[in-house]
file data_5.tsv (TSV, C-alpha atoms)
chain	number	residue	atom	x	y	z
H	1	MET	CA	2.93	14.17	-9.88
H	2	LEU	CA	-0.52	13.32	-8.50
H	3	LYS	CA	-1.36	17.03	-8.19
H	4	LYS	CA	-0.98	17.32	-11.95
H	5	ILE	CA	-3.18	14.29	-12.65
H	6	LEU	CA	-5.84	14.82	-10.01
H	7	ILE	CA	-7.28	18.30	-9.85
H	8	SER	CA	-8.50	18.50	-6.25
H	9	ARG	CA	-5.93	18.79	-3.47
H	10	VAL	CA	-8.56	17.64	-0.95
H	11	ARG	CA	-9.41	14.58	-3.07
H	12	ILE	CA	-5.72	13.66	-3.19
H	13	LYS	CA	-5.46	13.94	0.61
H	14	ILE	CA	-8.59	11.83	1.12
H	15	LEU	CA	-7.46	9.15	-1.33
H	16	GLU	CA	-4.01	9.01	0.21
H	17	LYS	CA	-5.49	8.65	3.70
H	18	TYR	CA	-7.75	5.78	2.71
H	19	LEU	CA	-5.47	3.98	0.23
H	20	LEU	CA	-2.41	3.90	2.48
H	21	ASN	CA	-4.52	2.85	5.48
H	22	PRO	CA	-6.83	0.28	3.91
H	23	HIS	CA	-8.79	-0.69	7.03
H	24	ILE	CA	-9.75	2.73	8.34
H	25	SER	CA	-13.10	4.41	8.17
H	26	PHE	CA	-13.98	8.00	8.99
H	27	HIS	CA	-17.01	10.17	9.41
H	28	VAL	CA	-16.87	13.59	7.76
H	29	ARG	CA	-15.86	15.60	10.83
H	30	GLY	CA	-13.17	13.11	11.80
H	31	LEU	CA	-11.66	13.36	8.34
H	32	VAL	CA	-11.87	17.17	8.48
H	33	ARG	CA	-9.80	17.10	11.70
H	34	GLU	CA	-7.34	14.56	10.28
H	35	LEU	CA	-6.73	16.47	7.06
H	36	ASN	CA	-7.16	19.99	8.41
H	37	GLU	CA	-9.47	20.93	5.52
H	38	GLU	CA	-12.81	22.70	5.17
H	39	ILE	CA	-15.85	20.55	5.92
H	40	ASN	CA	-17.69	21.40	2.69
H	41	ALA	CA	-14.67	20.49	0.55
H	42	VAL	CA	-14.23	17.18	2.38
H	43	ARG	CA	-17.94	16.35	2.18
H	44	ARG	CA	-18.04	17.16	-1.56
H	45	GLU	CA	-15.01	14.95	-2.30
H	46	LEU	CA	-16.33	12.06	-0.22
H	47	ILE	CA	-19.58	12.17	-2.20
H	48	ASN	CA	-17.61	12.31	-5.49
H	49	LEU	CA	-15.47	9.34	-4.47
H	50	GLU	CA	-18.55	7.37	-3.40
H	51	GLU	CA	-20.21	8.09	-6.75
H	52	THR	CA	-17.15	6.70	-8.56
H	53	GLY	CA	-17.30	3.53	-6.45
H	54	ILE	CA	-13.97	4.08	-4.71
H	55	LEU	CA	-15.54	4.73	-1.29
H	56	LYS	CA	-18.70	3.40	0.25
H	57	SER	CA	-20.70	4.81	3.12
H	58	LYS	CA	-22.89	3.43	5.83
H	59	LYS	CA	-24.94	5.02	8.55
H	60	ASP	CA	-23.55	4.59	12.06
H	61	LYS	CA	-25.92	6.10	14.62
H	62	ASN	CA	-26.36	9.69	13.44
H	63	MET	CA	-23.19	9.80	11.33
H	64	ILE	CA	-22.24	8.64	7.86
H	65	VAL	CA	-18.98	6.70	7.87
H	66	TYR	CA	-16.87	6.22	4.73
H	67	ARG	CA	-14.41	3.47	3.90
H	68	ILE	CA	-12.67	2.02	0.84
H	69	ASP	CA	-14.85	-0.15	-1.39
H	70	ASN	CA	-12.47	-3.04	-2.01
H	71	SER	CA	-14.73	-4.39	-4.75
H	72	SER	CA	-13.85	-1.39	-6.94
H	73	PRO	CA	-11.64	-2.38	-9.88
H	74	TYR	CA	-9.57	0.79	-9.42
H	75	ILE	CA	-8.44	0.30	-5.82
H	76	GLU	CA	-5.31	-1.76	-6.45
H	77	ILE	CA	-4.11	0.54	-9.23
H	78	LEU	CA	-4.75	3.63	-7.10
H	79	ARG	CA	-3.13	2.06	-4.03
H	80	THR	CA	0.01	1.28	-6.03
H	81	LEU	CA	0.09	4.77	-7.53
H	82	PHE	CA	-0.37	6.50	-4.16
H	83	PHE	CA	2.11	4.25	-2.38
H	84	LYS	CA	4.80	4.86	-5.00
H	85	ASN	CA	4.16	8.60	-4.70
H	86	SER	CA	4.19	8.62	-0.87
H	87	LYS	CA	7.24	9.60	1.17
H	88	LEU	CA	7.62	6.01	2.34
H	89	GLY	CA	7.28	4.61	-1.19
H	90	GLN	CA	9.87	7.07	-2.48
H	91	LYS	CA	12.21	6.23	0.41
H	92	ILE	CA	11.97	2.52	-0.38
H	93	TYR	CA	12.39	3.05	-4.13
H	94	VAL	CA	15.51	5.21	-3.71
H	95	ARG	CA	17.12	2.54	-1.54
H	96	VAL	CA	16.34	-0.42	-3.77
H	97	GLU	CA	16.97	1.10	-7.21
H	98	SER	CA	20.72	0.67	-6.76
H	99	LEU	CA	20.36	-2.96	-5.63
H	100	ASP	CA	22.09	-5.26	-8.11
H	101	ASN	CA	20.05	-8.07	-9.72
H	102	LEU	CA	16.71	-7.01	-8.23
H	103	ASP	CA	13.89	-7.92	-10.62
H	104	ALA	CA	10.94	-6.77	-8.51
H	105	LEU	CA	10.04	-5.62	-5.02
H	106	LEU	CA	6.59	-6.39	-3.66
H	107	VAL	CA	5.10	-4.85	-0.54
H	108	THR	CA	2.16	-6.60	1.11
H	109	GLU	CA	-0.93	-5.36	2.88
H	110	SER	CA	0.66	-6.59	6.13
H	111	PHE	CA	3.31	-3.93	5.61
H	112	LEU	CA	0.70	-1.20	5.07
H	113	THR	CA	-1.37	-2.15	8.09
H	114	GLY	CA	1.60	-2.99	10.31
H	115	THR	CA	-0.15	-6.18	11.43
H	116	HIS	CA	0.63	-9.82	10.89
H	117	VAL	CA	-2.17	-12.35	11.07
H	118	SER	CA	0.07	-15.41	10.92
H	119	ASP	CA	3.70	-16.41	11.24
H	120	THR	CA	3.92	-16.72	7.45
H	121	ASP	CA	2.98	-13.06	6.79
H	122	ILE	CA	5.79	-11.08	5.20
H	123	ASP	CA	6.02	-7.36	4.54
H	124	MET	CA	8.33	-7.35	1.53
H	125	LEU	CA	9.43	-9.80	-1.12
H	126	PHE	CA	12.62	-9.06	-3.05
H	127	LEU	CA	12.55	-11.06	-6.30
H	128	GLY	CA	15.83	-11.63	-8.07
H	129	SER	CA	19.32	-12.84	-7.41
H	130	CYS	CA	20.39	-9.90	-5.26
H	131	ARG	CA	22.74	-10.38	-2.34
H	132	VAL	CA	20.97	-11.14	0.93
H	133	LYS	CA	23.41	-8.92	2.83
H	134	ASP	CA	22.50	-5.91	0.68
H	135	VAL	CA	18.78	-6.56	1.23
H	136	LYS	CA	19.38	-6.96	4.95
H	137	ASP	CA	21.14	-3.58	5.05
H	138	ILE	CA	18.24	-1.87	3.23
H	139	VAL	CA	15.63	-3.50	5.46
H	140	GLY	CA	17.66	-2.51	8.54
H	141	GLU	CA	17.66	1.14	7.41
H	142	LEU	CA	13.91	1.04	6.81
H	143	GLU	CA	13.32	-0.56	10.23
H	144	LYS	CA	15.20	2.34	11.86
H	145	ASP	CA	13.18	4.90	9.90
H	146	LEU	CA	9.83	3.25	10.66
H	147	GLU	CA	10.76	2.16	14.18
H	148	ARG	CA	9.30	-1.30	13.64
H	149	GLU	CA	10.36	-4.74	12.50
H	150	ILE	CA	9.99	-5.58	8.81
H	151	ARG	CA	9.57	-9.16	7.68
H	152	ALA	CA	11.36	-9.50	4.35
H	153	SER	CA	12.21	-12.39	2.10
H	154	VAL	CA	14.56	-12.72	-0.88
H	155	MET	CA	13.86	-15.24	-3.65
H	156	LYS	CA	15.12	-15.93	-7.11
H	157	GLN	CA	12.32	-16.03	-9.64
H	158	GLU	CA	12.73	-19.75	-10.25
H	159	ASP	CA	12.58	-20.41	-6.48
H	160	PHE	CA	9.41	-18.32	-6.30
H	161	GLU	CA	7.84	-20.38	-9.09
H	162	PHE	CA	8.83	-23.62	-7.34
H	163	ALA	CA	7.43	-22.37	-4.02
H	164	LYS	CA	4.15	-21.48	-5.77
H	165	LYS	CA	3.85	-24.98	-7.22
H	166	LYS	CA	4.64	-26.61	-3.88
H	167	LYS	CA	2.17	-24.27	-2.13
H	168	ASP	CA	4.81	-22.96	0.26
H	169	PRO	CA	2.93	-21.29	3.17
H	170	VAL	CA	4.86	-18.00	2.93
H	171	VAL	CA	4.30	-17.65	-0.83
H	172	THR	CA	0.67	-18.80	-0.60
H	173	ASN	CA	0.02	-16.26	2.14
H	174	LEU	CA	1.72	-13.55	0.08
H	175	LEU	CA	-0.43	-14.33	-2.95
H	176	ASN	CA	-3.59	-14.15	-0.83
H	177	GLN	CA	-2.80	-10.60	0.26
H	178	LYS	CA	-3.13	-7.35	-1.61
H	179	ILE	CA	0.27	-6.57	-3.11
H	180	ILE	CA	1.92	-3.35	-4.25
H	181	GLN	CA	4.70	-3.61	-6.79
H	182	VAL	CA	7.20	-0.93	-5.78
H	183	TYR	CA	9.96	-1.78	-8.22
H	184	GLY	CA	10.60	-3.79	-11.37
H	185	GLU	CA	8.62	-6.11	-13.58
H	186	LEU	CA	6.74	-9.18	-12.45
H	187	ASN	CA	6.65	-10.97	-15.82
H	188	ASP	CA	3.40	-12.74	-14.94
H	189	LEU	CA	4.89	-14.29	-11.78
H	190	LEU	CA	1.77	-13.73	-9.77

call {"tool": "encode", "arguments": {"input": "data_5.tsv", "output": "structure tokens"}}
result
Amino acid sequence: MLKKILISRVRIKILEKYLLNPHISFHVRGLVRELNEEINAVRRELINLEETGILKSKKDKNMIVYRIDNSSPYIEILRTLFFKNSKLGQKIYVRVESLDNLDALLVTESFLTGTHVSDTDIDMLFLGSCRVKDVKDIVGELEKDLEREIRASVMKQEDFEFAKKKKDPVVTNLLNQKIIQVYGELNDLL
């Protein structure tokens, strides 16, 4: 789908690399090696993306290093779009679409980076009145695929609202992270 919306194959590869790995930065030659693309094409797209405000650059010794500009208003929308289109996003969506009574599935930045800063960090929040056993089975399958532990939580929408009001540490931490909505509608919950 993204190939039909975005014209440049190299731009798509660069955006995917940066958006699905939000804390990385690359210099031009490093990105050329990572993506296995021509240096001029990569350089041209990095300049284009910097001009749009999606990437920013800084000089590091004799190299220019690029990273995501998190102040850009487009980053969250693009990150959601690219995650949903990624193999991992599709794998998650296929598994959860058959889950009964799931209203929304949120994936956090902790999930993308594979790091947890505190004990209250979670990777996924399943909103709705779905069965915990079914969620546990799905998370178990994903853990096998990714070969890492996934911290997941299941909450009914009213419990989520109550936890927000009471400033529950898990929910507060979740709301302070960047979130990708993989499935469903949030109905202004956040």

call {"tool": "atom_distance", "arguments": {"input": "data_5.tsv", "atom1": "atom CA of Val28 of chain H", "atom2": "atom CA of Val65 of chain H"}}
result
7.2 Å

call {"tool": "closest_residue", "arguments": {"input": "data_5.tsv", "among": "H:Lys61, H:Phe83, H:Arg67, H:Arg9", "to": "Glu45 of chain H", "atoms": "only C-alpha atoms"}}
result
H:Arg9

call {"tool": "residues_around", "arguments": {"input": "data_5.tsv", "residues": "segment 92-95 of chain H", "least_positions_apart": "3", "cutoff": "7 Å", "atoms": "only C-alpha atoms", "output": "PyMOL selection string"}}
result
chain H and resi 88-89+98+138+182-183

call {"tool": "write_last_selection", "arguments": {"input": "data_5.tsv", "atoms": "C-alpha atoms", "output": "short mmCIF file (atom, residue, chain, number, x, y, z; two decimals), in the coordinates of the input"}}
result
data_model
loop_
_atom_site.label_atom_id
_atom_site.label_comp_id
_atom_site.auth_asym_id
_atom_site.auth_seq_id
_atom_site.Cartn_x
_atom_site.Cartn_y
_atom_site.Cartn_z
CA LEU H 88 7.62 6.01 2.34
CA GLY H 89 7.28 4.61 -1.19
CA SER H 98 20.72 0.67 -6.76
CA ILE H 138 18.24 -1.87 3.23
CA VAL H 182 7.20 -0.93 -5.78
CA TYR H 183 9.96 -1.78 -8.22
#

call {"tool": "closest_residue", "arguments": {"input": "data_5.tsv", "among": "H:Leu106, H:Pro73, H:Glu97, H:Val170", "to": "Ser118 of chain H", "atoms": "only C-alpha atoms"}}
result
H:Val170

call {"tool": "axis_aligned_box", "arguments": {"input": "data_5.tsv", "around": "segment 126-134 of chain H", "padding_each_side": "6 Å", "output": "JSON"}}
result
{"center_x": 18.0, "center_y": -9.4, "center_z": -2.6, "size_x": 22.9, "size_y": 18.9, "size_z": 22.9}

call {"tool": "residues_around", "arguments": {"input": "data_5.tsv", "residues": "Leu31 of chain H", "least_positions_apart": "6", "cutoff": "9 Å", "atoms": "all atoms listed in the file", "output": "list of chain:residue names"}}
result
H:Ile14, H:Glu37, H:Ile39, H:Val42

call {"tool": "closest_residue", "arguments": {"input": "data_5.tsv", "among": "H:Leu112, H:Ile75, H:Leu127, H:Leu142", "to": "Asn21 of chain H", "atoms": "all atoms listed in the file"}}
result
H:Leu112

call {"tool": "closest_residue", "arguments": {"input": "data_5.tsv", "among": "H:Met155, H:Cys130, H:Met124, H:Leu35", "to": "Asn101 of chain H", "atoms": "all atoms listed in the file"}}
result
H:Cys130

call {"tool": "residues_around", "arguments": {"input": "data_5.tsv", "residues": "Val132 of chain H", "least_positions_apart": "2", "cutoff": "12 Å", "atoms": "only C-alpha atoms", "output": "PyMOL selection string"}}
result
chain H and resi 99-102+125-130+134-140+152-156

call {"tool": "atom_distance", "arguments": {"input": "data_5.tsv", "atom1": "atom CA of Leu15 of chain H", "atom2": "atom CA of Val107 of chain H"}}
result
18.8 Å

call {"tool": "closest_residue", "arguments": {"input": "data_5.tsv", "among": "H:Glu50, H:Glu185, H:Glu158, H:Asp119", "to": "Ala104 of chain H", "atoms": "all atoms listed in the file"}}
result
H:Glu185

call {"tool": "atom_distance", "arguments": {"input": "data_5.tsv", "atom1": "atom CA of Lys87 of chain H", "atom2": "atom CA of Lys56 of chain H"}}
result
26.7 Å

call {"tool": "closest_residue", "arguments": {"input": "data_5.tsv", "among": "H:Arg79, H:His27, H:Arg33, H:Arg43", "to": "Tyr66 of chain H", "atoms": "all atoms listed in the file"}}
result
H:His27
